[in-house]
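Peer 1: Here you go, this is data38.txt (compact mmCIF, C-alpha atoms (C1' of nucleotides)).
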```txt
# COMPACT_ATOMS: atom_id res chain seq x y z
CA MET A 1 -12.63 -53.81 17.77
CA PRO A 2 -13.59 -57.36 17.76
CA GLU A 3 -15.02 -58.34 21.11
CA LEU A 4 -15.76 -61.91 22.11
CA PRO A 5 -18.44 -62.58 19.45
CA GLU A 6 -16.31 -61.16 16.66
CA VAL A 7 -13.22 -63.14 17.63
CA GLU A 8 -15.41 -66.22 17.96
CA THR A 9 -16.60 -65.56 14.42
CA VAL A 10 -13.01 -65.31 13.22
CA LYS A 11 -12.20 -68.56 14.99
CA ARG A 12 -15.12 -70.45 13.49
CA GLY A 13 -14.38 -69.17 10.02
CA LEU A 14 -10.67 -69.95 10.12
CA ARG A 15 -11.19 -73.39 11.63
CA GLY A 16 -12.80 -74.66 8.48
CA LEU A 17 -10.25 -72.97 6.24
CA VAL A 18 -6.74 -73.25 7.66
CA VAL A 19 -6.64 -76.32 9.92
CA GLY A 20 -4.34 -78.87 8.31
CA LYS A 21 -2.67 -76.29 6.07
CA THR A 22 1.08 -75.89 6.02
CA ILE A 23 2.72 -72.48 6.22
CA LYS A 24 5.11 -71.97 3.35
CA SER A 25 6.23 -68.43 4.05
CA VAL A 26 5.48 -65.36 6.08
CA SER A 27 6.18 -61.71 5.48
CA PHE A 28 6.07 -58.82 7.90
CA ASP A 29 6.52 -55.94 5.61
CA TRP A 30 5.18 -52.69 6.84
CA PRO A 31 4.98 -50.20 4.01
CA GLY A 32 7.49 -47.43 4.44
CA SER A 33 9.43 -49.28 7.09
CA LYS A 34 12.31 -51.66 7.30
CA PRO A 35 10.91 -55.13 7.86
CA GLY A 36 13.24 -55.77 10.76
CA GLU A 37 11.93 -52.80 12.64
CA TYR A 38 8.76 -54.68 13.37
CA LEU A 39 10.23 -58.07 13.99
CA CYS A 40 10.99 -58.19 17.64
CA TYR A 41 12.40 -60.80 19.91
CA CYS A 42 13.00 -60.47 23.58
CA GLY A 43 15.32 -63.28 24.54
CA GLY A 44 16.94 -64.66 27.63
CA SER A 45 14.52 -65.04 30.48
CA ASP A 46 11.86 -63.20 28.52
CA SER A 47 9.62 -65.08 26.16
CA GLY A 48 8.02 -62.52 23.93
CA HIS A 49 8.67 -64.18 20.63
CA ILE A 50 7.15 -61.72 18.36
CA VAL A 51 6.56 -62.24 14.74
CA ALA A 52 4.92 -58.95 14.08
CA PHE A 53 4.17 -56.22 16.49
CA SER A 54 3.60 -52.55 16.65
CA ARG A 55 6.57 -50.41 17.52
CA LEU A 56 5.26 -50.64 21.02
CA GLY A 57 7.05 -53.95 21.28
CA MET A 58 10.37 -52.49 20.23
CA ARG A 59 10.07 -49.55 22.55
CA ASP A 60 9.35 -51.39 25.71
CA THR A 61 10.31 -55.01 26.00
CA SER A 62 9.46 -55.00 29.68
CA ARG A 63 5.86 -55.35 28.60
CA LEU A 64 6.59 -58.80 27.30
CA ASP A 65 5.71 -61.61 29.60
CA LYS A 66 8.19 -63.84 31.33
CA PRO A 67 7.87 -67.63 31.41
CA GLN A 68 6.91 -68.75 34.88
CA SER A 69 6.36 -72.47 35.02
CA ASP A 70 9.16 -74.92 35.66
CA SER A 71 7.67 -77.30 33.17
CA ALA A 72 8.03 -74.68 30.50
CA GLN A 73 11.61 -74.02 31.49
CA ASN A 74 12.54 -77.67 31.36
CA SER A 75 10.51 -78.81 28.42
CA PRO A 76 12.36 -80.06 25.34
CA VAL A 77 10.60 -77.45 23.28
CA ASN A 78 11.74 -74.69 25.56
CA THR A 79 15.31 -75.95 25.62
CA GLN A 80 15.21 -76.16 21.89
CA HIS A 81 13.97 -72.64 21.47
CA HIS A 82 16.50 -71.24 23.88
CA GLN A 83 19.17 -72.98 21.89
CA ALA A 84 17.68 -71.67 18.71
CA TYR A 85 18.62 -68.08 19.30
CA SER A 86 20.01 -65.56 21.72
CA LYS A 87 18.89 -62.06 22.53
CA SER A 88 19.73 -60.56 19.21
CA PHE A 89 17.05 -59.81 16.70
CA PRO A 90 18.30 -61.96 13.77
CA ASN A 91 17.64 -65.06 15.83
CA ALA A 92 13.96 -64.34 15.91
CA GLN A 93 14.17 -65.05 12.22
CA THR A 94 15.66 -68.44 13.12
CA ASP A 95 12.68 -69.09 15.36
CA VAL A 96 10.30 -68.24 12.58
CA GLU A 97 12.16 -70.46 10.16
CA THR A 98 12.40 -73.36 12.59
CA PHE A 99 8.97 -73.35 14.21
CA LEU A 100 6.68 -71.51 11.82
CA ILE A 101 7.78 -72.22 8.27
CA ASP A 102 6.80 -75.74 7.11
CA SER A 103 4.61 -76.16 10.19
CA SER A 104 0.99 -77.19 9.90
CA ILE A 105 -1.96 -75.72 11.74
CA LYS A 106 -3.43 -78.15 14.24
CA LEU A 107 -6.26 -76.11 15.67
CA VAL A 108 -7.64 -72.64 16.13
CA ARG A 109 -9.11 -71.58 19.45
CA ARG A 110 -10.18 -68.46 21.28
CA ARG A 111 -9.63 -67.19 24.82
CA GLY A 112 -11.24 -63.87 25.66
CA LYS A 113 -10.59 -61.58 22.70
CA ALA A 114 -7.42 -63.42 21.69
CA LEU A 115 -7.03 -66.04 19.00
CA ILE A 116 -4.61 -68.97 19.34
CA ILE A 117 -3.40 -70.95 16.35
CA GLU A 118 -1.61 -74.12 17.41
CA LEU A 119 1.04 -75.55 15.11
CA ASP A 120 2.41 -79.08 14.88
CA SER A 121 5.84 -77.69 15.78
CA ASN A 122 4.60 -77.28 19.38
CA TYR A 123 4.66 -73.55 18.83
CA SER A 124 1.58 -71.35 18.68
CA LEU A 125 0.65 -68.08 17.10
CA VAL A 126 -1.23 -65.85 19.52
CA ILE A 127 -3.10 -63.02 17.87
CA HIS A 128 -4.82 -60.01 19.39
CA LEU A 129 -6.78 -57.76 17.05
CA LYS A 130 -7.21 -54.92 19.59
CA MET A 131 -9.24 -52.02 18.10
CA THR A 132 -8.73 -52.30 14.37
CA GLY A 133 -7.29 -55.73 13.66
CA GLN A 134 -8.75 -58.14 11.17
CA LEU A 135 -7.90 -61.53 9.71
CA VAL A 136 -8.62 -62.17 6.08
CA TYR A 137 -8.26 -65.49 4.29
CA ARG A 138 -8.00 -65.58 0.52
CA ALA A 139 -7.73 -68.59 -1.73
CA GLU A 140 -8.81 -69.41 -5.24
CA GLY A 141 -12.56 -68.91 -5.14
CA VAL A 142 -12.69 -68.56 -1.34
CA ALA A 143 -12.77 -65.34 0.66
CA PHE A 144 -13.26 -64.93 4.37
CA GLY A 145 -12.61 -61.95 6.55
CA ALA A 146 -13.65 -60.84 9.99
CA GLY A 147 -12.66 -58.30 12.58
CA HIS A 148 -12.66 -54.55 12.32
CA PRO A 149 -14.92 -53.55 9.42
CA THR A 150 -13.00 -51.75 6.69
CA GLU A 151 -12.63 -52.03 2.97
CA SER A 152 -9.65 -54.28 3.57
CA LEU A 153 -12.02 -57.13 4.42
CA VAL A 154 -13.19 -57.23 0.84
CA GLY A 155 -10.58 -55.25 -1.08
CA GLU A 156 -7.38 -56.31 -2.74
CA LEU A 157 -4.67 -57.51 -0.35
CA PRO A 158 -2.08 -56.86 0.84
CA ASP A 159 -2.88 -53.18 1.28
CA LYS A 160 -1.55 -50.38 3.46
CA SER A 161 -3.04 -51.88 6.62
CA THR A 162 -1.49 -55.33 6.08
CA ARG A 163 1.04 -56.11 8.81
CA VAL A 164 1.62 -59.85 8.32
CA THR A 165 0.97 -62.20 5.43
CA PHE A 166 1.04 -65.97 5.89
CA THR A 167 1.21 -67.97 2.69
CA PHE A 168 0.29 -71.65 2.71
CA THR A 169 1.76 -74.38 0.53
CA ASP A 170 -1.41 -74.35 -1.57
CA GLU A 171 -0.87 -70.62 -2.27
CA ALA A 172 -3.78 -69.49 -0.08
CA ASN A 173 -3.03 -66.42 2.05
CA LEU A 174 -3.95 -65.32 5.54
CA PHE A 175 -3.60 -61.57 6.09
CA PHE A 176 -3.32 -59.83 9.44
CA ASN A 177 -4.40 -56.25 8.86
CA ASP A 178 -4.41 -53.57 11.52
CA GLN A 179 -4.91 -49.93 10.71
CA ARG A 180 -3.95 -48.57 14.12
CA LYS A 181 -1.11 -51.00 14.86
CA PHE A 182 -2.34 -51.79 18.36
CA GLY A 183 -2.72 -55.47 17.61
CA TRP A 184 -0.04 -58.11 17.76
CA VAL A 185 0.94 -61.54 16.58
CA ARG A 186 3.29 -63.61 18.68
CA LEU A 187 5.02 -66.88 17.97
CA LEU A 188 5.92 -68.80 21.10
CA PRO A 189 6.09 -72.35 22.45
CA SER A 190 2.57 -73.67 22.94
CA ILE A 191 3.44 -74.63 26.47
CA GLU A 192 4.09 -70.99 27.31
CA VAL A 193 0.87 -69.57 25.94
CA ASP A 194 -0.91 -69.80 29.27
CA ASN A 195 2.02 -68.01 30.90
CA LEU A 196 1.48 -64.82 28.96
CA ASP A 197 0.41 -62.16 31.43
CA PHE A 198 -2.64 -61.48 29.33
CA PHE A 199 -3.95 -65.02 29.77
CA LYS A 200 -2.86 -65.43 33.37
CA LYS A 201 -4.89 -62.41 34.46
CA LEU A 202 -7.87 -63.07 32.21
CA GLY A 203 -11.21 -63.75 33.89
CA PRO A 204 -13.55 -66.65 33.09
CA GLU A 205 -15.31 -67.16 29.77
CA PRO A 206 -18.87 -65.85 30.15
CA LEU A 207 -20.29 -68.51 27.84
CA SER A 208 -18.53 -71.53 29.29
CA ALA A 209 -20.73 -74.26 30.72
CA ASP A 210 -19.26 -73.98 34.19
CA PHE A 211 -19.69 -70.23 34.51
CA ALA A 212 -22.96 -69.47 36.32
CA ALA A 213 -24.88 -66.43 37.51
CA LYS A 214 -23.50 -66.78 41.02
CA ASP A 215 -19.90 -66.68 39.73
CA PHE A 216 -20.77 -63.59 37.74
CA CYS A 217 -22.32 -61.80 40.72
CA GLU A 218 -19.49 -62.75 43.02
CA ARG A 219 -16.81 -61.47 40.64
CA ILE A 220 -18.67 -58.22 39.93
CA LYS A 221 -19.13 -57.53 43.62
CA ARG A 222 -15.40 -57.74 44.26
CA ARG A 223 -15.19 -54.43 42.42
CA ASN A 224 -17.95 -52.79 44.43
CA LYS A 225 -16.42 -49.27 44.30
CA SER A 226 -16.15 -49.16 40.51
CA LYS A 227 -18.72 -48.12 37.98
CA ILE A 228 -20.42 -51.18 36.58
CA LYS A 229 -19.39 -50.36 33.03
CA ALA A 230 -15.72 -50.21 34.01
CA VAL A 231 -16.11 -53.56 35.76
CA LEU A 232 -17.67 -55.18 32.69
CA LEU A 233 -14.84 -53.85 30.52
CA ASP A 234 -12.18 -55.19 32.89
CA GLN A 235 -10.92 -58.38 31.27
CA THR A 236 -9.67 -59.75 34.58
CA VAL A 237 -13.24 -59.83 35.89
CA ILE A 238 -14.95 -61.46 32.90
CA ALA A 239 -13.22 -62.20 29.61
CA GLY A 240 -14.31 -60.87 26.27
CA ILE A 241 -16.72 -58.01 27.00
CA GLY A 242 -16.05 -54.76 25.17
CA ASN A 243 -17.80 -51.47 24.66
CA ILE A 244 -20.67 -52.73 22.49
CA TYR A 245 -21.76 -55.59 24.70
CA ALA A 246 -21.25 -53.63 27.90
CA ASP A 247 -23.67 -50.96 26.65
CA GLU A 248 -26.14 -53.46 25.21
CA SER A 249 -26.30 -55.69 28.28
CA LEU A 250 -26.63 -52.72 30.66
CA TRP A 251 -29.52 -51.36 28.62
CA ALA A 252 -31.20 -54.76 28.54
CA ALA A 253 -30.87 -55.11 32.32
CA LYS A 254 -31.97 -51.47 32.85
CA ILE A 255 -28.82 -50.49 34.75
CA HIS A 256 -27.13 -47.11 34.42
CA PRO A 257 -23.47 -47.62 33.43
CA GLU A 258 -22.21 -45.29 36.17
CA THR A 259 -23.90 -47.23 38.94
CA LEU A 260 -21.30 -48.48 41.42
CA ALA A 261 -21.11 -52.25 41.30
CA GLY A 262 -21.75 -52.46 45.04
CA LYS A 263 -25.03 -50.57 44.67
CA ILE A 264 -26.63 -53.05 42.31
CA SER A 265 -29.13 -55.50 43.76
CA ASP A 266 -28.67 -59.23 43.39
CA GLN A 267 -31.76 -59.33 41.29
CA LYS A 268 -30.36 -56.73 38.90
CA LEU A 269 -27.01 -58.49 38.75
CA ASN A 270 -28.72 -61.74 37.87
CA SER A 271 -30.63 -59.94 35.18
CA LEU A 272 -27.39 -58.43 33.86
CA TYR A 273 -25.80 -61.86 33.68
CA LYS A 274 -28.76 -63.26 31.79
CA GLU A 275 -28.87 -60.35 29.34
CA LEU A 276 -25.12 -60.38 28.78
CA VAL A 277 -25.11 -64.08 27.90
CA ALA A 278 -28.11 -63.56 25.64
CA VAL A 279 -26.57 -60.63 23.78
CA LEU A 280 -23.24 -62.43 23.29
CA ARG A 281 -25.02 -65.52 21.99
CA LEU A 282 -27.19 -63.48 19.64
CA ALA A 283 -24.13 -61.67 18.30
CA ILE A 284 -22.27 -64.92 17.65
CA GLU A 285 -25.33 -66.30 15.91
CA LYS A 286 -25.43 -63.22 13.71
CA GLY A 287 -21.75 -63.53 12.86
CA GLY A 288 -20.44 -60.63 14.89
CA SER A 289 -21.29 -56.98 15.03
CA THR A 290 -19.74 -55.46 11.97
CA ASP A 291 -22.33 -53.71 9.93
CA LYS A 292 -20.54 -53.23 6.66
CA ASN A 293 -17.95 -54.93 4.51
CA TYR A 294 -18.07 -57.86 6.80
CA VAL A 295 -18.01 -61.25 5.16
CA THR A 296 -18.41 -64.65 6.79
CA ALA A 297 -17.14 -67.94 5.46
CA GLU A 298 -20.33 -68.20 3.43
CA GLY A 299 -19.96 -64.68 2.11
CA LYS A 300 -22.75 -63.21 4.23
CA LYS A 301 -22.43 -59.89 5.93
CA GLY A 302 -22.50 -59.69 9.70
CA SER A 303 -25.64 -58.03 10.91
CA TYR A 304 -25.49 -57.59 14.66
CA LEU A 305 -25.49 -53.82 14.77
CA THR A 306 -28.80 -53.76 13.00
CA PHE A 307 -30.12 -55.41 16.14
CA ALA A 308 -28.25 -53.22 18.62
CA LYS A 309 -30.63 -51.39 20.95
CA VAL A 310 -28.41 -48.50 22.03
CA PHE A 311 -24.90 -48.82 20.63
CA ARG A 312 -24.34 -46.05 18.06
CA ARG A 313 -28.03 -45.22 18.25
CA GLU A 314 -27.76 -41.87 20.02
CA GLY A 315 -30.56 -39.56 18.92
CA GLU A 316 -32.85 -42.46 18.07
CA SER A 317 -35.82 -43.61 20.12
CA CYS A 318 -35.43 -46.30 22.74
CA SER A 319 -37.23 -49.39 21.45
CA ARG A 320 -38.65 -50.02 24.91
CA CYS A 321 -39.92 -46.62 26.03
CA GLY A 322 -39.43 -44.17 23.17
CA SER A 323 -37.07 -41.83 24.98
CA ILE A 324 -34.14 -40.44 23.01
CA ILE A 325 -30.95 -42.45 23.45
CA GLU A 326 -28.04 -40.42 24.80
CA LYS A 327 -24.32 -40.69 24.30
CA THR A 328 -21.97 -39.77 27.15
CA ARG A 329 -18.55 -40.75 28.43
CA VAL A 330 -18.20 -43.35 31.15
CA ALA A 331 -14.91 -44.97 32.10
CA SER A 332 -13.32 -42.91 29.31
CA ARG A 333 -15.43 -44.70 26.72
CA GLY A 334 -18.30 -43.57 24.54
CA THR A 335 -21.42 -44.82 26.29
CA HIS A 336 -24.97 -45.21 25.04
CA THR A 337 -27.96 -45.19 27.38
CA CYS A 338 -31.68 -44.66 27.56
CA PRO A 339 -32.22 -41.88 30.12
CA SER A 340 -35.61 -43.30 31.12
CA CYS A 341 -34.88 -47.01 31.26
CA GLN A 342 -31.46 -46.69 32.91
CA LYS A 343 -31.78 -44.58 36.05
CA LYS A 344 -28.71 -43.81 38.08
CA VAL A 345 -28.85 -45.30 41.58
CA THR A 346 -27.23 -42.89 44.01
CA SER A 347 -27.97 -44.43 47.36
C1' DC B 348 -4.16 -51.57 47.76
C1' DA B 349 -8.28 -50.02 44.45
C1' DC B 350 -9.39 -47.33 40.96
C1' DT B 351 -8.82 -43.87 37.00
C1' DT B 352 -6.34 -41.77 33.29
C1' DG B 353 -3.27 -41.33 29.41
C1' DA B 354 -0.61 -43.36 25.76
C1' DC B 355 -0.14 -46.33 22.03
C1' DC B 356 -1.41 -45.50 16.30
C1' DT B 357 -3.94 -44.15 11.94
C1' DG B 358 -7.94 -42.51 9.75
C1' DT B 359 -12.24 -40.17 9.52
C1' DC B 360 -15.58 -36.94 10.58
C1' DC B 361 -17.18 -32.47 12.05
C1' DG B 362 -16.93 -27.50 12.88
C1' DC B 363 -14.71 -23.30 11.65
C1' DT C 364 -10.54 -27.36 0.53
C1' DG C 365 -7.79 -26.87 4.55
C1' DC C 366 -6.95 -27.29 9.33
C1' DG C 367 -7.61 -28.59 14.30
C1' DG C 368 -9.57 -31.45 17.45
C1' DA C 369 -12.32 -35.22 18.99
C1' DC C 370 -13.06 -39.73 18.56
C1' DA C 371 -12.79 -44.95 17.25
C1' DG C 372 -15.69 -52.10 19.30
C1' DG C 373 -8.63 -52.50 23.65
C1' DT C 374 -5.06 -52.89 26.90
C1' DC C 375 -1.31 -51.61 29.84
C1' DA C 376 1.64 -48.60 32.76
C1' DA C 377 1.66 -44.74 35.39
C1' DG C 378 -0.85 -41.77 38.13
C1' DT C 379 -4.01 -40.47 42.24
```
Would you write out, as structure tokens, the structure that this file holds?

Peer 2:
Amino acid sequence: MPELPEVETVKRGLRGLVVGKTIKSVSFDWPGSKPGEYLCYCGGSDSGHIVAFSRLGMRDTSRLDKPQSDSAQNSPVNTQHHQAYSKSFPNAQTDVETFLIDSSIKLVRRRGKALIIELDSNYSLVIHLKMTGQLVYRAEGVAFGAGHPTESLVGELPDKSTRVTFTFTDEANLFFNDQRKFGWVRLLPSIEVDNLDFFKKLGPEPLSADFAAKDFCERIKRRNKSKIKAVLLDQTVIAGIGNIYADESLWAAKIHPETLAGKISDQKLNSLYKELVAVLRLAIEKGGSTDKNYVTAEGKKGSYLTFAKVFRREGESCSRCGSIIEKTRVASRGTHTCPSCQKKVTS
DNA sequence: CACTTGACCTGTCCGC
DNA sequence: TGCGGACAGGTCAAGT
């Protein structure tokens, strides 16, 4: 799914399209299901205010995050929302009606692989696309879509993968599509966004100005007994890295993905940091990694995968040494390596 | 505790 | 063409 560069692309595209717009209505219909089945609210001391969610959310509300900060508990907004409904599901509808409908979008931002849409109601929509999520904006003469590459990015919407549709007062639509239903959209008080477990545990942004090579090395080394690929994929270590950019940066730094983090020299770790930042920046510049059906705000297709050196290039020649790129499994994920450039360090 | 594995879903592709 | 199984750019809970 969308990793950091793809979510960044979504953010940049939506910023110019939806900021200032007012939400007129929202629908959660899931074809073949009762709408209410996917509208979940976990009330009381829990704060998972879910607009749309996979059945995962209905099955196990303990996965929803609890509000922690006193300021959140005592804030007017929080008091208001606790007054707005109780534990029962129909009140989630009240929340949607009170804090989503007729609210305007103030800003769109990204943290890790999650997207945050702040509303002028002091509530926010937090969206995670997981493996197959996508956001598609459609208005008269304007089309923008980014995320998992499928026909839904360019086809007629809503379709069978559409989970949520936001309609603005000017009749433009924003579709949240997700084939595999892993993704989620939550509506919750803005002040509680940072209290979601996902954000509390999330590591630093690799592209932020105050994140340096020494921070990178120090955080990686804390996981010295893990395979480096697993460490890169761990969102609590560094935010936003997924399978593509883990493989690409390890190839660029000539590190075998199964190398234990503690066995990698400082020089190699510095190289990995440099290559990771470079590959993320390149991908953002190219508009994300999707290689088909992907459309940016200007209607261009994303092109990153055409520049990928190893990802989904098994059987092809390594551009550096000519060896045949291999595909294996590391950390339970498909993994692409050059057997000559990336030697396993065993001692 | 640190670390790894399986489950969550749907769709597609590949071998028989 | 049909069927079974593996697999897909992520994350969390449960397992070792």

Peer 1: State, in Å with one decimal place, the distance from CA of Thr165 (chain A) to CA of Val26 (chain A).

Peer 2: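 Rounded to one decimal, the two atoms are 5.5 Å apart.
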
Peer 1: Quick one: residues within 6 Å of region 210-226 of chain A, all atoms listed in the file, excluding same-chain residues fewer than 4 positions away - as a ChimeraX atom specification?

Peer 2: /A:260-262

Peer 1: If the cut-off is 8 Å, can you tell me the residues of chain B near chain A, counting only C-alpha atoms (C1' of nucleotides)? I'd like them as an mmCIF file with C-alpha atoms (C1' of nucleotides), keeping the file's coordinate frame.

Peer 2:
```
data_model
loop_
_atom_site.group_PDB
_atom_site.id
_atom_site.type_symbol
_atom_site.label_atom_id
_atom_site.label_comp_id
_atom_site.auth_asym_id
_atom_site.auth_seq_id
_atom_site.Cartn_x
_atom_site.Cartn_y
_atom_site.Cartn_z
ATOM 1 C "C1'" DC B 350 -9.390 -47.330 40.960
ATOM 2 C "C1'" DT B 351 -8.820 -43.870 37.000
ATOM 3 C "C1'" DC B 355 -0.140 -46.330 22.030
ATOM 4 C "C1'" DC B 356 -1.410 -45.500 16.300
ATOM 5 C "C1'" DT B 357 -3.940 -44.150 11.940
#
```

Peer 1: Report the distance between CA of Asp234 (chain A) and CA of Ile264 (chain A) in Å, rounded to one decimal place.

Peer 2: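 Taking CA of Asp234 (chain A) as the start and CA of Ile264 (chain A) as the end point, the length is 17.4 Å.
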
Peer 1: In Å, how far is it from CA of His256 (chain A) to CA of Lys344 (chain A)?

Peer 2: 5.2 Å

Peer 1: Up to 9 Å from chain C, what residues of chain A turn up? Count all atoms listed in the file and give them as a VMD selection string.

Peer 2: chain A and resid 1 to 3 63 129 to 132 148 182 to 183 242 to 245 289 334

Peer 1: Just the residues within 8 Å of Ile325 (chain A), please, counting all atoms listed in the file, with nothing from its chain fewer than 6 positions along; format it as number ranges by chain.

Peer 2: A: 310, 313-318, 336-339

Peer 1: Between A:Leu115, A:Ala308, A:Ile101, A:Ala283, which has the minimum distance to Val193 (chain A) (counting all atoms listed in the file)?

Peer 2: A:Leu115

Peer 1: Name all residues at most 8 Å from Phe166 (chain A) (count all atoms listed in the file; drop same-chain ones fewer than 3 positions away) and give them as a JSON list (two decimals) with C-alpha atoms, keeping the file's coordinate frame.

Peer 2:
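Written out: out_4.json:
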```json
[["chain", "number", "residue", "atom", "x", "y", "z"],
["A", 23, "ILE", "CA", 2.72, -72.48, 6.22],
["A", 24, "LYS", "CA", 5.11, -71.97, 3.35],
["A", 25, "SER", "CA", 6.23, -68.43, 4.05],
["A", 26, "VAL", "CA", 5.48, -65.36, 6.08],
["A", 27, "SER", "CA", 6.18, -61.71, 5.48],
["A", 173, "ASN", "CA", -3.03, -66.42, 2.05],
["A", 174, "LEU", "CA", -3.95, -65.32, 5.54],
["A", 175, "PHE", "CA", -3.60, -61.57, 6.09]]
```
